[in-house]
$ cat upload_7.txt   # compact mmCIF, C-alpha atoms (C1' of nucleotides)
# COMPACT_ATOMS: atom_id res chain seq x y z
CA MET Q 21 0.00 0.00 0.00
CA GLU Q 22 1.52 3.25 -1.20
CA THR Q 23 1.60 6.21 1.09
CA ALA Q 24 0.55 9.68 0.10
CA LEU Q 25 4.20 10.74 0.17
CA ASP Q 26 5.14 7.96 -2.26
CA ARG Q 27 2.55 9.26 -4.66
CA ALA Q 28 3.80 12.82 -4.23
CA LEU Q 29 7.31 11.52 -4.88
CA ARG Q 30 6.20 10.05 -8.18
CA VAL Q 31 4.79 13.38 -9.38
CA PHE Q 32 7.92 15.29 -8.31
CA ARG Q 33 10.15 12.77 -10.08
CA GLU Q 34 8.26 13.13 -13.32
CA ARG Q 35 7.55 16.86 -13.40
CA GLY Q 36 10.08 18.37 -11.02
CA TYR Q 37 9.38 20.96 -8.35
CA HIS Q 38 8.19 24.05 -10.23
CA ALA Q 39 6.01 22.28 -12.77
CA THR Q 40 4.15 20.45 -10.00
CA SER Q 41 1.28 22.46 -8.55
CA ILE Q 42 -0.45 21.97 -5.21
CA GLY Q 43 -3.38 20.76 -7.29
CA ASP Q 44 -1.16 18.09 -8.84
CA LEU Q 45 0.02 17.05 -5.39
CA THR Q 46 -3.45 16.85 -3.85
CA ALA Q 47 -4.67 14.81 -6.81
CA ALA Q 48 -1.73 12.42 -6.52
CA MET Q 49 -1.82 12.19 -2.73
CA ARG Q 50 -5.61 11.85 -2.61
CA LEU Q 51 -5.82 14.53 0.07
CA ALA Q 52 -7.29 18.02 0.15
CA THR Q 53 -5.08 21.09 0.32
CA GLY Q 54 -5.98 21.65 3.97
CA SER Q 55 -4.84 18.13 4.80
CA VAL Q 56 -1.54 18.54 2.99
CA TYR Q 57 -0.86 21.77 4.90
CA LYS Q 58 -1.68 20.08 8.16
CA ALA Q 59 0.93 17.43 7.47
CA PHE Q 60 3.55 19.67 5.87
CA ALA Q 61 4.57 23.29 6.46
CA ASP Q 62 4.49 24.17 2.75
CA LYS Q 63 5.12 22.82 -0.72
CA HIS Q 64 8.88 22.90 -0.19
CA ALA Q 65 8.51 20.70 2.89
CA VAL Q 66 6.57 18.12 0.88
CA PHE Q 67 9.36 18.18 -1.67
CA MET Q 68 12.10 17.74 0.94
CA ALA Q 69 10.20 14.83 2.51
CA ALA Q 70 9.81 13.24 -0.92
CA PHE Q 71 13.53 13.77 -1.58
CA GLU Q 72 14.50 12.03 1.67
CA ARG Q 73 12.10 9.20 0.92
CA TYR Q 74 13.56 8.83 -2.56
CA THR Q 75 17.20 8.75 -1.50
CA ALA Q 76 16.44 6.22 1.24
CA LEU Q 77 14.70 3.95 -1.29
CA ARG Q 78 17.43 4.27 -3.89
CA GLN Q 79 20.23 3.69 -1.41
CA GLU Q 80 18.55 0.51 -0.26
CA GLN Q 81 18.15 -0.61 -3.87
CA THR Q 82 21.81 0.13 -4.57
CA ARG Q 83 22.96 -1.77 -1.50
CA ASN Q 84 20.81 -4.72 -2.57
CA ALA Q 85 22.38 -4.62 -6.02
CA ALA Q 86 25.89 -4.53 -4.55
CA ALA Q 87 25.01 -7.49 -2.33
CA ARG Q 88 24.58 -9.60 -5.46
CA GLY Q 89 28.34 -9.47 -6.13
CA GLU Q 90 30.92 -11.60 -4.41
CA ASN Q 91 33.88 -9.26 -4.70
CA GLY Q 92 34.41 -5.54 -5.07
CA ARG Q 93 34.53 -5.54 -8.83
CA GLU Q 94 31.45 -7.70 -9.19
CA ARG Q 95 29.53 -5.62 -6.61
CA LEU Q 96 30.35 -2.47 -8.59
CA ARG Q 97 29.27 -4.16 -11.80
CA GLN Q 98 25.93 -5.04 -10.22
CA VAL Q 99 25.50 -1.46 -9.03
CA LEU Q 100 26.10 -0.11 -12.53
CA LEU Q 101 23.69 -2.65 -14.01
CA SER Q 102 21.13 -1.55 -11.47
CA TYR Q 103 21.58 2.10 -12.47
CA VAL Q 104 21.05 1.25 -16.12
CA GLU Q 105 17.97 -0.76 -15.20
CA HIS Q 106 16.53 2.24 -13.35
CA SER Q 107 17.41 4.56 -16.22
CA GLN Q 108 15.23 2.97 -18.85
CA GLY Q 109 11.63 1.98 -19.45
CA ILE Q 110 8.89 3.51 -17.34
CA GLU Q 111 11.14 3.88 -14.32
CA GLY Q 112 13.76 5.65 -16.42
CA ARG Q 113 11.26 8.04 -17.90
CA ARG Q 114 9.99 8.98 -14.45
CA GLY Q 115 13.42 10.29 -13.73
CA CYS Q 116 15.74 10.61 -10.79
CA LEU Q 117 14.86 13.14 -8.14
CA VAL Q 118 18.52 13.78 -7.32
CA VAL Q 119 19.40 14.56 -10.93
CA GLY Q 120 16.21 16.56 -11.38
CA SER Q 121 16.88 18.57 -8.27
CA ALA Q 122 20.51 19.18 -9.19
CA VAL Q 123 19.53 20.57 -12.56
CA GLU Q 124 16.34 22.41 -11.66
CA LEU Q 125 17.03 23.73 -8.19
CA SER Q 126 20.77 23.96 -7.54
CA ALA Q 127 20.92 27.52 -8.81
CA VAL Q 128 17.85 28.80 -7.01
CA ASP Q 129 17.46 26.81 -3.78
CA PRO Q 130 20.45 26.58 -1.41
CA VAL Q 131 18.74 24.01 0.80
CA VAL Q 132 18.17 21.65 -2.08
CA ALA Q 133 21.61 22.44 -3.53
CA ALA Q 134 23.28 21.40 -0.28
CA ARG Q 135 21.21 18.26 -0.03
CA VAL Q 136 21.91 17.23 -3.62
CA SER Q 137 25.63 17.83 -3.23
CA ALA Q 138 25.71 15.75 -0.05
CA GLN Q 139 23.79 12.94 -1.72
CA LEU Q 140 26.13 12.79 -4.72
CA LYS Q 141 29.08 12.62 -2.33
CA THR Q 142 27.42 9.82 -0.39
CA ASN Q 143 26.81 7.84 -3.57
CA GLU Q 144 30.38 8.50 -4.67
CA SER Q 145 31.77 7.33 -1.32
CA PHE Q 146 29.81 4.13 -1.70
CA ILE Q 147 31.32 3.50 -5.13
CA ALA Q 148 34.80 4.43 -3.89
CA GLY Q 149 34.30 1.92 -1.10
CA LEU Q 150 33.50 -0.81 -3.59
CA ILE Q 151 36.61 0.04 -5.60
CA ARG Q 152 38.76 -0.16 -2.46
CA GLU Q 153 37.11 -3.43 -1.55
CA GLY Q 154 37.96 -4.72 -5.01
CA GLN Q 155 41.55 -3.64 -4.64
CA ALA Q 156 41.68 -5.38 -1.25
CA ASP Q 157 40.24 -8.66 -2.56
CA GLY Q 158 42.30 -8.52 -5.78
CA SER Q 159 39.39 -8.13 -8.18
CA ILE Q 160 40.44 -4.56 -9.09
CA PRO Q 161 44.09 -3.64 -9.81
CA GLY Q 162 45.85 -1.46 -7.26
CA HIS Q 163 46.81 1.21 -9.79
CA VAL Q 164 43.19 2.26 -10.38
CA GLU Q 165 42.78 5.79 -9.01
CA VAL Q 166 39.97 5.34 -6.55
CA ASP Q 167 38.68 8.86 -6.06
CA ALA Q 168 38.84 10.03 -9.66
CA THR Q 169 37.33 6.78 -10.92
CA ALA Q 170 34.53 7.05 -8.40
CA ARG Q 171 33.91 10.65 -9.49
CA LEU Q 172 33.78 9.57 -13.13
CA MET Q 173 31.41 6.75 -12.28
CA ILE Q 174 29.11 9.16 -10.52
CA CYS Q 175 29.10 11.18 -13.74
CA ILE Q 176 28.16 8.02 -15.63
CA THR Q 177 25.31 7.21 -13.27
CA GLN Q 178 23.86 10.72 -13.38
CA GLY Q 179 24.31 10.78 -17.14
CA LEU Q 180 22.47 7.50 -17.47
CA ARG Q 181 19.47 9.05 -15.75
CA VAL Q 182 19.52 12.06 -18.08
CA VAL Q 183 19.83 9.96 -21.22
CA GLY Q 184 17.17 7.57 -19.96
CA LYS Q 185 14.81 10.44 -19.23
CA ALA Q 186 15.38 11.63 -22.80
CA ARG Q 187 14.28 8.14 -23.89
CA LEU Q 188 17.42 7.00 -25.61
CA PRO Q 189 17.66 3.21 -25.27
CA LEU Q 190 20.31 1.85 -22.93
CA ASP Q 191 21.70 -1.66 -23.35
CA GLY Q 192 22.83 -2.43 -19.81
CA ASP Q 193 25.01 -5.42 -20.60
CA ARG Q 194 26.99 -3.68 -23.33
CA LEU Q 195 27.29 -0.31 -21.59
CA VAL Q 196 28.38 -1.81 -18.30
CA ALA Q 197 30.82 -4.18 -20.00
CA ILE Q 198 32.50 -1.14 -21.52
CA ALA Q 199 32.30 0.90 -18.33
CA MET Q 200 34.19 -1.85 -16.50
CA LYS Q 201 37.21 -0.90 -18.62
CA LEU Q 202 37.61 1.98 -16.17
CA LEU Q 203 38.65 -0.62 -13.60
CA ALA Q 204 41.40 -2.08 -15.74
CA MET J 64 27.68 42.73 -27.94
CA GLU J 65 25.23 40.23 -26.57
CA THR J 66 21.82 39.92 -28.12
CA ALA J 67 18.60 39.84 -26.16
CA LEU J 68 18.26 36.16 -27.00
CA ASP J 69 21.72 35.43 -25.58
CA ARG J 70 20.66 37.02 -22.33
CA ALA J 71 17.41 35.07 -22.33
CA LEU J 72 19.46 31.93 -22.93
CA ARG J 73 21.54 32.63 -19.85
CA VAL J 74 18.45 32.88 -17.64
CA PHE J 75 16.95 29.70 -19.07
CA ARG J 76 20.22 27.84 -18.54
CA GLU J 77 20.40 28.83 -14.92
CA ARG J 78 16.77 28.57 -13.84
CA GLY J 79 15.17 26.32 -16.43
CA TYR J 80 11.87 26.90 -18.19
CA HIS J 81 9.24 26.87 -15.44
CA ALA J 82 11.23 28.82 -12.87
CA THR J 83 11.83 31.60 -15.36
CA SER J 84 9.00 34.12 -15.51
CA ILE J 85 8.25 36.59 -18.29
CA GLY J 86 9.41 39.24 -15.83
CA ASP J 87 12.77 37.46 -15.52
CA LEU J 88 13.05 37.34 -19.30
CA THR J 89 12.18 40.99 -19.86
CA ALA J 90 14.68 42.01 -17.19
CA ALA J 91 17.40 39.89 -18.76
CA MET J 92 16.58 40.83 -22.34
CA ARG J 93 16.16 44.52 -21.50
CA LEU J 94 12.87 44.62 -23.39
CA ALA J 95 9.28 45.18 -22.31
CA THR J 96 6.73 42.38 -22.42
CA GLY J 97 5.05 43.88 -25.47
CA SER J 98 8.37 43.85 -27.31
CA VAL J 99 9.07 40.26 -26.43
CA TYR J 100 5.62 39.23 -27.70
CA LYS J 101 6.18 41.14 -30.91
CA ALA J 102 9.36 39.18 -31.53
CA PHE J 103 8.16 35.79 -30.26
CA ALA J 104 4.79 34.06 -30.31
CA ASP J 105 4.93 33.12 -26.64
CA LYS J 106 7.27 32.11 -23.82
CA HIS J 107 7.74 28.66 -25.31
CA ALA J 108 8.92 30.21 -28.59
CA VAL J 109 11.54 32.25 -26.74
CA PHE J 110 12.68 29.05 -25.09
CA MET J 111 12.92 27.14 -28.37
CA ALA J 112 14.89 29.98 -29.95
CA ALA J 113 17.25 30.00 -26.97
CA PHE J 114 17.61 26.22 -27.23
CA GLU J 115 18.57 26.43 -30.91
CA ARG J 116 21.00 29.22 -30.16
CA TYR J 117 22.56 27.21 -27.38
CA THR J 118 23.02 24.00 -29.37
CA ALA J 119 24.54 25.93 -32.27
CA LEU J 120 27.05 27.60 -29.92
CA ARG J 121 27.94 24.40 -28.14
CA GLN J 122 28.36 22.41 -31.35
CA GLU J 123 30.75 25.02 -32.65
CA GLN J 124 32.70 24.92 -29.39
CA THR J 125 32.87 21.13 -29.55
CA ARG J 126 34.07 21.16 -33.17
CA ASN J 127 36.72 23.70 -32.21
CA ALA J 128 37.86 21.46 -29.37
CA ALA J 129 38.04 18.45 -31.67
CA ALA J 130 40.05 20.48 -34.16
CA ARG J 131 42.81 20.75 -31.54
CA GLY J 132 43.55 17.02 -31.89
CA GLU J 133 45.61 15.47 -34.65
CA ASN J 134 44.04 12.05 -34.68
CA GLY J 135 40.72 10.52 -33.70
CA ARG J 136 41.76 9.62 -30.18
CA GLU J 137 43.30 12.99 -29.49
CA ARG J 138 40.29 14.83 -30.94
CA LEU J 139 38.02 12.85 -28.64
CA ARG J 140 40.27 13.61 -25.70
CA GLN J 141 40.05 17.32 -26.48
CA VAL J 142 36.25 17.08 -26.72
CA LEU J 143 36.04 15.44 -23.30
CA LEU J 144 38.38 18.05 -21.81
CA SER J 145 36.17 20.73 -23.27
CA TYR J 146 33.09 19.18 -21.68
CA VAL J 147 34.77 19.10 -18.28
CA GLU J 148 35.83 22.71 -18.75
CA HIS J 149 32.24 23.72 -19.46
CA SER J 150 30.99 21.70 -16.50
CA GLN J 151 32.80 23.62 -13.77
CA GLY J 152 33.22 27.12 -12.47
CA ILE J 153 30.69 29.78 -13.37
CA GLU J 154 29.96 28.20 -16.72
CA GLY J 155 29.33 24.85 -15.09
CA ARG J 156 27.00 26.30 -12.52
CA ARG J 157 24.95 27.99 -15.20
CA GLY J 158 24.17 24.59 -16.54
CA CYS J 159 23.50 22.95 -19.86
CA LEU J 160 20.22 23.73 -21.58
CA VAL J 161 20.10 20.28 -23.19
CA VAL J 162 20.49 18.49 -19.87
CA GLY J 163 18.14 20.90 -18.17
CA SER J 164 15.51 20.43 -20.82
CA ALA J 165 15.86 16.66 -20.82
CA VAL J 166 15.28 16.51 -17.10
CA GLU J 167 12.70 19.27 -16.68
CA LEU J 168 10.65 19.03 -19.83
CA SER J 169 10.95 15.58 -21.40
CA ALA J 170 7.96 14.29 -19.48
CA VAL J 171 5.70 17.26 -20.08
CA ASP J 172 6.64 18.82 -23.44
CA PRO J 173 6.76 16.54 -26.50
CA VAL J 174 8.28 19.27 -28.68
CA VAL J 175 11.19 19.78 -26.32
CA ALA J 176 11.47 16.03 -25.71
CA ALA J 177 11.88 15.40 -29.43
CA ARG J 178 14.40 18.18 -29.81
CA VAL J 179 16.47 17.01 -26.83
CA SER J 180 16.50 13.42 -28.06
CA ALA J 181 17.63 14.55 -31.51
CA GLN J 182 20.37 16.70 -30.03
CA LEU J 183 21.75 13.88 -27.89
CA LYS J 184 21.83 11.64 -30.94
CA THR J 185 23.64 14.34 -32.94
CA ASN J 186 26.25 14.71 -30.21
CA GLU J 187 26.60 10.94 -29.99
CA SER J 188 27.05 10.62 -33.76
CA PHE J 189 29.82 13.20 -33.58
CA ILE J 190 31.62 11.20 -30.89
CA ALA J 191 31.08 7.93 -32.78
CA GLY J 192 32.60 9.61 -35.80
CA LEU J 193 35.71 10.52 -33.84
CA ILE J 194 36.02 6.94 -32.58
CA ARG J 195 35.77 5.63 -36.15
CA GLU J 196 38.31 8.20 -37.27
CA GLY J 197 40.61 6.97 -34.51
CA GLN J 198 40.17 3.40 -35.59
CA ALA J 199 40.93 4.41 -39.18
CA ASP J 200 44.11 6.31 -38.25
CA GLY J 201 45.23 3.68 -35.77
CA SER J 202 44.96 5.81 -32.64
CA ILE J 203 42.03 3.74 -31.31
CA PRO J 204 42.03 -0.10 -31.41
CA GLY J 205 39.64 -1.76 -33.83
CA HIS J 206 37.97 -3.85 -31.15
CA VAL J 207 36.44 -0.83 -29.40
CA GLU J 208 32.66 -1.03 -29.83
CA VAL J 209 31.89 2.27 -31.48
CA ASP J 210 28.18 2.71 -30.84
CA ALA J 211 28.08 1.50 -27.25
CA THR J 212 31.21 3.46 -26.35
CA ALA J 213 29.74 6.59 -27.91
CA ARG J 214 26.53 6.05 -25.94
CA LEU J 215 28.49 5.65 -22.72
CA MET J 216 30.50 8.78 -23.49
CA ILE J 217 27.30 10.73 -24.01
CA CYS J 218 26.26 9.55 -20.56
CA ILE J 219 29.57 10.82 -19.21
CA THR J 220 29.17 14.22 -20.83
CA GLN J 221 25.61 14.69 -19.58
CA GLY J 222 26.64 13.43 -16.15
CA LEU J 223 29.50 15.93 -16.04
CA ARG J 224 27.01 18.74 -16.52
CA VAL J 225 24.79 17.46 -13.72
CA VAL J 226 27.69 17.01 -11.31
CA GLY J 227 29.11 20.38 -12.29
CA LYS J 228 25.77 22.06 -11.71
CA ALA J 229 25.70 20.45 -8.26
CA ARG J 230 29.10 22.11 -7.69
CA LEU J 231 31.23 19.07 -7.16
CA PRO J 232 34.75 19.87 -8.35
CA LEU J 233 35.91 18.20 -11.56
CA ASP J 234 39.59 17.68 -12.31
CA GLY J 235 39.59 17.55 -16.09
CA ASP J 236 43.03 16.06 -16.58
CA ARG J 237 42.47 13.19 -14.16
CA LEU J 238 38.90 12.44 -15.15
CA VAL J 239 39.64 12.49 -18.86
CA ALA J 240 42.78 10.41 -18.44
CA ILE J 241 40.63 7.74 -16.80
CA ALA J 242 37.82 8.11 -19.32
CA MET J 243 40.27 7.40 -22.12
CA LYS J 244 40.50 3.86 -20.73
CA LEU J 245 37.21 3.30 -22.51
CA LEU J 246 39.17 3.49 -25.77
CA ALA J 247 41.65 0.82 -24.79
C1' DC G 87 -24.92 13.01 27.17
C1' DA G 88 -22.16 16.99 26.34
C1' DT G 89 -17.89 18.87 25.17
C1' DA G 90 -13.41 18.80 23.19
C1' DA G 91 -10.20 17.13 20.00
C1' DT G 92 -8.99 15.26 15.68
C1' DA G 93 -9.23 14.59 10.81
C1' DG G 94 -10.37 15.69 6.29
C1' DG G 95 -12.09 18.84 3.12
C1' DG G 96 -12.64 22.89 0.09
C1' DA G 97 -13.46 27.78 -0.57
C1' DA G 98 -11.33 32.34 0.00
C1' DC G 99 -7.44 35.06 -0.40
C1' DA G 100 -3.53 37.76 -2.21
C1' DA G 101 0.08 37.28 -5.32
C1' DT G 102 2.02 35.93 -9.56
C1' DC G 103 1.62 34.05 -13.90
C1' DG G 104 1.54 34.44 -19.34
C1' DT G 105 -0.67 36.96 -22.77
C1' DT G 106 -3.29 40.74 -24.90
C1' DT G 107 -4.34 45.35 -25.62
C1' DC G 108 -3.53 49.92 -26.10
C1' DC G 109 -0.56 54.07 -25.67
C1' DG G 110 3.01 57.43 -27.11
C1' DA G 111 7.15 58.56 -29.63
C1' DA G 112 9.92 58.26 -33.59
C1' DT G 113 10.44 57.44 -38.32
C1' DA G 114 8.97 56.82 -43.08
C1' DA G 115 6.08 57.76 -46.91
C1' DA G 116 2.76 60.30 -49.60
C1' DT D 286 2.74 69.03 -43.70
C1' DT D 287 -0.06 65.18 -42.92
C1' DT D 288 -0.75 60.45 -42.50
C1' DA D 289 0.80 55.83 -41.84
C1' DT D 290 3.94 52.63 -40.04
C1' DT D 291 7.12 50.93 -36.82
C1' DC D 292 8.99 50.42 -32.36
C1' DG D 293 9.15 50.13 -27.56
C1' DG D 294 6.66 50.21 -23.50
C1' DA D 295 3.52 49.07 -19.61
C1' DA D 296 -1.03 48.36 -17.77
C1' DA D 297 -5.07 45.32 -17.98
C1' DC D 298 -6.78 40.87 -18.15
C1' DG D 299 -8.15 36.12 -16.98
C1' DA D 300 -6.09 32.12 -15.11
C1' DT D 301 -3.33 29.77 -11.92
C1' DT D 302 -0.50 29.74 -8.02
C1' DG D 303 0.59 28.60 -2.82
C1' DT D 304 -1.30 29.34 1.54
C1' DT D 305 -4.78 30.41 5.08
C1' DC D 306 -9.08 30.01 7.09
C1' DC D 307 -13.15 27.94 8.33
C1' DC D 308 -16.53 24.20 7.92
C1' DT D 309 -18.36 19.47 8.89
C1' DA D 310 -18.04 14.84 10.52
C1' DT D 311 -16.09 11.54 13.48
C1' DT D 312 -13.95 10.06 17.54
C1' DA D 313 -12.34 10.57 22.21
C1' DT D 314 -12.90 12.23 26.83
C1' DG D 315 -15.09 13.91 30.99
$ encode --input "upload_7.txt" --output "structure tokens"
Amino acid sequence: METALDRALRVFRERGYHATSIGDLTAAMRLATGSVYKAFADKHAVFMAAFERYTALRQEQTRNAAARGENGRERLRQVLLSYVEHSQGIEGRRGCLVVGSAVELSAVDPVVAARVSAQLKTNESFIAGLIREGQADGSIPGHVEVDATARLMICITQGLRVVGKARLPLDGDRLVAIAMKLLA
Amino acid sequence: METALDRALRVFRERGYHATSIGDLTAAMRLATGSVYKAFADKHAVFMAAFERYTALRQEQTRNAAARGENGRERLRQVLLSYVEHSQGIEGRRGCLVVGSAVELSAVDPVVAARVSAQLKTNESFIAGLIREGQADGSIPGHVEVDATARLMICITQGLRVVGKARLPLDGDRLVAIAMKLLA
DNA sequence: CATAATAGGGAACAATCGTTTCCGAATAAA
DNA sequence: TTTATTCGGAAACGATTGTTCCCTATTATG
């Protein structure tokens, strides 16, 4: 059973912050405006709650994907495959709230800008951790520059979401196979 | 001397479509609303004109960057360096109108969605062309999968713009050196 | 049973939006 | 010189926005 916030999250993912009206939110959440304002201070607060909900969900999904690998390299490969999977089809077209927020709000909303920046760093730390794990277990060579490679992989993941939102097809197996060259 | 459309473009890049009001546009363009509506049918038409202006500028910049290389591989390296350069500092924070439009408008504006998709494919074809050129002149190995690598590189370029907009620092030399592993 | 609290709803409100209309000044043409 | 056209401007307009206020129904409490 989906909560009202989950439904709000879906609208924000698809349309972004500014193109989503209170009317859109109340329709999606199946609540009246008075009820929304009893639960949340304002529209921005609904958005921030949706953002936190989204990042919690996605981090869990990413951890689950990593858990499918048996060494650092394989965990990272599963994470990348998971990103491609979430970047295409209906899920891909809905979009990523982190990417959407970075692009739409970074310049005009310091609160969101700070939150987005922190989230990208968290995701990057996770990937850097997998690279280090791979170097420790021998599945990734020691000469791979951890931080810069993690930064580049974050660029790939965010770019996947943009390209997926623009509806260009993404062949996960091929793209990830090539991306793994970065760990050579 | 900057034209009114160039100034409108700057506002759209930074704030996007929905967060830019007609008042923002008239202030930036230094024209009154009546003048804007004499020159353009509506707000959407201003946006489309700005989008065309932007893609023309960026394509020229990318061609100029490629021209700095002497073989396919080196041209591609210069293109990637150029993307990183445009993804950081003030220029990076302003944002990319293609990425912005993909994320903000793909779901709600079929005209923009089609235009964004076409532009990404154009950029990708350009990169694929450089890879093929590199394979022809021997600077890139023949086993590199052209289409999938070009698609992945498009993801990198769009991701760079997102990460740059979110103000994470990007070290062009290091990132591009690692990205070139994709051509090994 | 009466009162208070809670929950959900929707209209009212002031502000802002995008677009249209109309004005005045300057320039061109007859 | 008069009239028409062009140009730039800004207010008016209807619609939509986000938020506040107040209503009704239900449930809890004394």
$ closest_atom_pairs --input "upload_7.txt" --of "chain J" --to "chain Q" --cutoff "8 Å" --atoms "all atoms listed in the file" --output "JSON lines"
{"residue": "J:Glu77", "atom": "CA", "partner": "Q:Ala127", "partner_atom": "CA", "distance": 6.3}
{"residue": "J:Arg78", "atom": "CA", "partner": "Q:Glu124", "partner_atom": "CA", "distance": 6.5}
{"residue": "J:Gly79", "atom": "CA", "partner": "Q:Glu124", "partner_atom": "CA", "distance": 6.3}
{"residue": "J:His81", "atom": "CA", "partner": "Q:His38", "partner_atom": "CA", "distance": 6.0}
{"residue": "J:Ala82", "atom": "CA", "partner": "Q:His38", "partner_atom": "CA", "distance": 6.2}
{"residue": "J:Arg156", "atom": "CA", "partner": "Q:Ala127", "partner_atom": "CA", "distance": 7.2}
{"residue": "J:Arg157", "atom": "CA", "partner": "Q:Ala127", "partner_atom": "CA", "distance": 7.6}
{"residue": "J:Gly158", "atom": "CA", "partner": "Q:Val123", "partner_atom": "CA", "distance": 7.3}
{"residue": "J:Val162", "atom": "CA", "partner": "Q:Val182", "partner_atom": "CA", "distance": 6.7}
{"residue": "J:Gly163", "atom": "CA", "partner": "Q:Val123", "partner_atom": "CA", "distance": 5.8}
{"residue": "J:Ala165", "atom": "CA", "partner": "Q:Ala186", "partner_atom": "CA", "distance": 5.4}
{"residue": "J:Val166", "atom": "CA", "partner": "Q:Gly120", "partner_atom": "CA", "distance": 5.8}
{"residue": "J:Glu167", "atom": "CA", "partner": "Q:Gly36", "partner_atom": "CA", "distance": 6.3}
{"residue": "J:Leu168", "atom": "CA", "partner": "Q:Arg35", "partner_atom": "CA", "distance": 7.5}
{"residue": "J:Ser169", "atom": "CA", "partner": "Q:Ala186", "partner_atom": "CA", "distance": 6.1}
{"residue": "J:Ala170", "atom": "CA", "partner": "Q:Glu34", "partner_atom": "CA", "distance": 6.3}
{"residue": "J:Val171", "atom": "CA", "partner": "Q:Arg35", "partner_atom": "CA", "distance": 6.9}
{"residue": "J:Ala176", "atom": "CA", "partner": "Q:Ala186", "partner_atom": "CA", "distance": 6.6}
{"residue": "J:Val179", "atom": "CA", "partner": "Q:Ala186", "partner_atom": "CA", "distance": 6.8}
{"residue": "J:Ser180", "atom": "CA", "partner": "Q:Ala186", "partner_atom": "CA", "distance": 5.7}
{"residue": "J:Leu183", "atom": "CA", "partner": "Q:Val183", "partner_atom": "CA", "distance": 8.0}
{"residue": "J:Ala211", "atom": "CA", "partner": "Q:Leu195", "partner_atom": "CA", "distance": 6.0}
{"residue": "J:Thr212", "atom": "CA", "partner": "Q:Ile198", "partner_atom": "CA", "distance": 6.8}
{"residue": "J:Arg214", "atom": "CA", "partner": "Q:Leu195", "partner_atom": "CA", "distance": 7.7}
{"residue": "J:Leu215", "atom": "CA", "partner": "Q:Leu195", "partner_atom": "CA", "distance": 6.2}
{"residue": "J:Ile217", "atom": "CA", "partner": "Q:Gly179", "partner_atom": "CA", "distance": 7.5}
{"residue": "J:Cys218", "atom": "CA", "partner": "Q:Gly179", "partner_atom": "CA", "distance": 4.1}
{"residue": "J:Ile219", "atom": "CA", "partner": "Q:Ile176", "partner_atom": "CA", "distance": 4.8}
{"residue": "J:Thr220", "atom": "CA", "partner": "Q:Gly179", "partner_atom": "CA", "distance": 7.0}
{"residue": "J:Gln221", "atom": "CA", "partner": "Q:Gly179", "partner_atom": "CA", "distance": 4.8}
{"residue": "J:Gly222", "atom": "CA", "partner": "Q:Gly179", "partner_atom": "CA", "distance": 3.7}
{"residue": "J:Leu223", "atom": "CA", "partner": "Q:Cys175", "partner_atom": "CA", "distance": 5.3}
{"residue": "J:Val225", "atom": "CA", "partner": "Q:Val123", "partner_atom": "CA", "distance": 6.2}
{"residue": "J:Val226", "atom": "CA", "partner": "Q:Cys175", "partner_atom": "CA", "distance": 6.5}
{"residue": "J:Lys228", "atom": "CA", "partner": "Q:Val123", "partner_atom": "CA", "distance": 6.5}
{"residue": "J:Ala229", "atom": "CA", "partner": "Q:Ala122", "partner_atom": "CA", "distance": 5.4}
{"residue": "J:Arg230", "atom": "CA", "partner": "Q:Ser137", "partner_atom": "CA", "distance": 7.1}
{"residue": "J:Leu231", "atom": "CA", "partner": "Q:Ser137", "partner_atom": "CA", "distance": 7.0}
{"residue": "J:Arg237", "atom": "CA", "partner": "Q:Ala168", "partner_atom": "CA", "distance": 6.6}
{"residue": "J:Leu238", "atom": "CA", "partner": "Q:Ala168", "partner_atom": "CA", "distance": 6.0}
{"residue": "J:Ile241", "atom": "CA", "partner": "Q:Leu202", "partner_atom": "CA", "distance": 6.5}
{"residue": "J:Ala242", "atom": "CA", "partner": "Q:Leu202", "partner_atom": "CA", "distance": 6.9}
{"residue": "J:Lys244", "atom": "CA", "partner": "Q:Leu202", "partner_atom": "CA", "distance": 5.7}
{"residue": "J:Leu245", "atom": "CA", "partner": "Q:Lys201", "partner_atom": "CA", "distance": 5.7}
{"residue": "J:Ala247", "atom": "CA", "partner": "Q:Lys201", "partner_atom": "CA", "distance": 7.8}
$ closest_residue --input "upload_7.txt" --among "G:DA88, G:DA116, G:DA97, G:DC103" --to "chain J" --atoms "all atoms listed in the file"
G:DC103
$ closest_residue --input "upload_7.txt" --among "J:Ile85, J:Ile203, J:Val99, J:Ile194" --to "chain G" --atoms "all atoms listed in the file"
J:Ile85
$ residues_around --input "upload_7.txt" --residues "Thr82 of chain Q" --least-positions-apart "2" --cutoff "12 Å" --atoms "only C-alpha atoms (C1' of nucleotides)" --output "number ranges by chain"
Q: 75-80, 84-89, 95-106, 142-144, 146-147, 150, 177
$ residues_around --input "upload_7.txt" --residues "Lys58 of chain Q" --least-positions-apart "5" --cutoff "12 Å" --atoms "only C-alpha atoms (C1' of nucleotides)" --output "list in words"
Leu51, Ala52, Thr53, Lys63, Ala65 and Val66 of chain Q; DT92, DA93, DG94 and DG95 of chain G; DT304 and DT305 of chain D
$ interface_residues --input "upload_7.txt" --of "chain G" --to "chain J" --cutoff "10 Å" --atoms "only C-alpha atoms (C1' of nucleotides)" --output "list in words"
DT102, DC103, DG104, DT105, DT106 and DT107 of chain G
$ atom_distance --input "upload_7.txt" --atom1 "atom CA of Asp44 of chain Q" --atom2 "atom CA of Val31 of chain Q"
7.6 Å
$ interface_residues --input "upload_7.txt" --of "chain D" --to "chain Q" --cutoff "12 Å" --atoms "all atoms listed in the file" --output "PyMOL selection string"
chain D and resi 301-308
$ atom_distance --input "upload_7.txt" --atom1 "atom CA of Arg73 of chain J" --atom2 "atom CA of Pro130 of chain Q"
19.4 Å
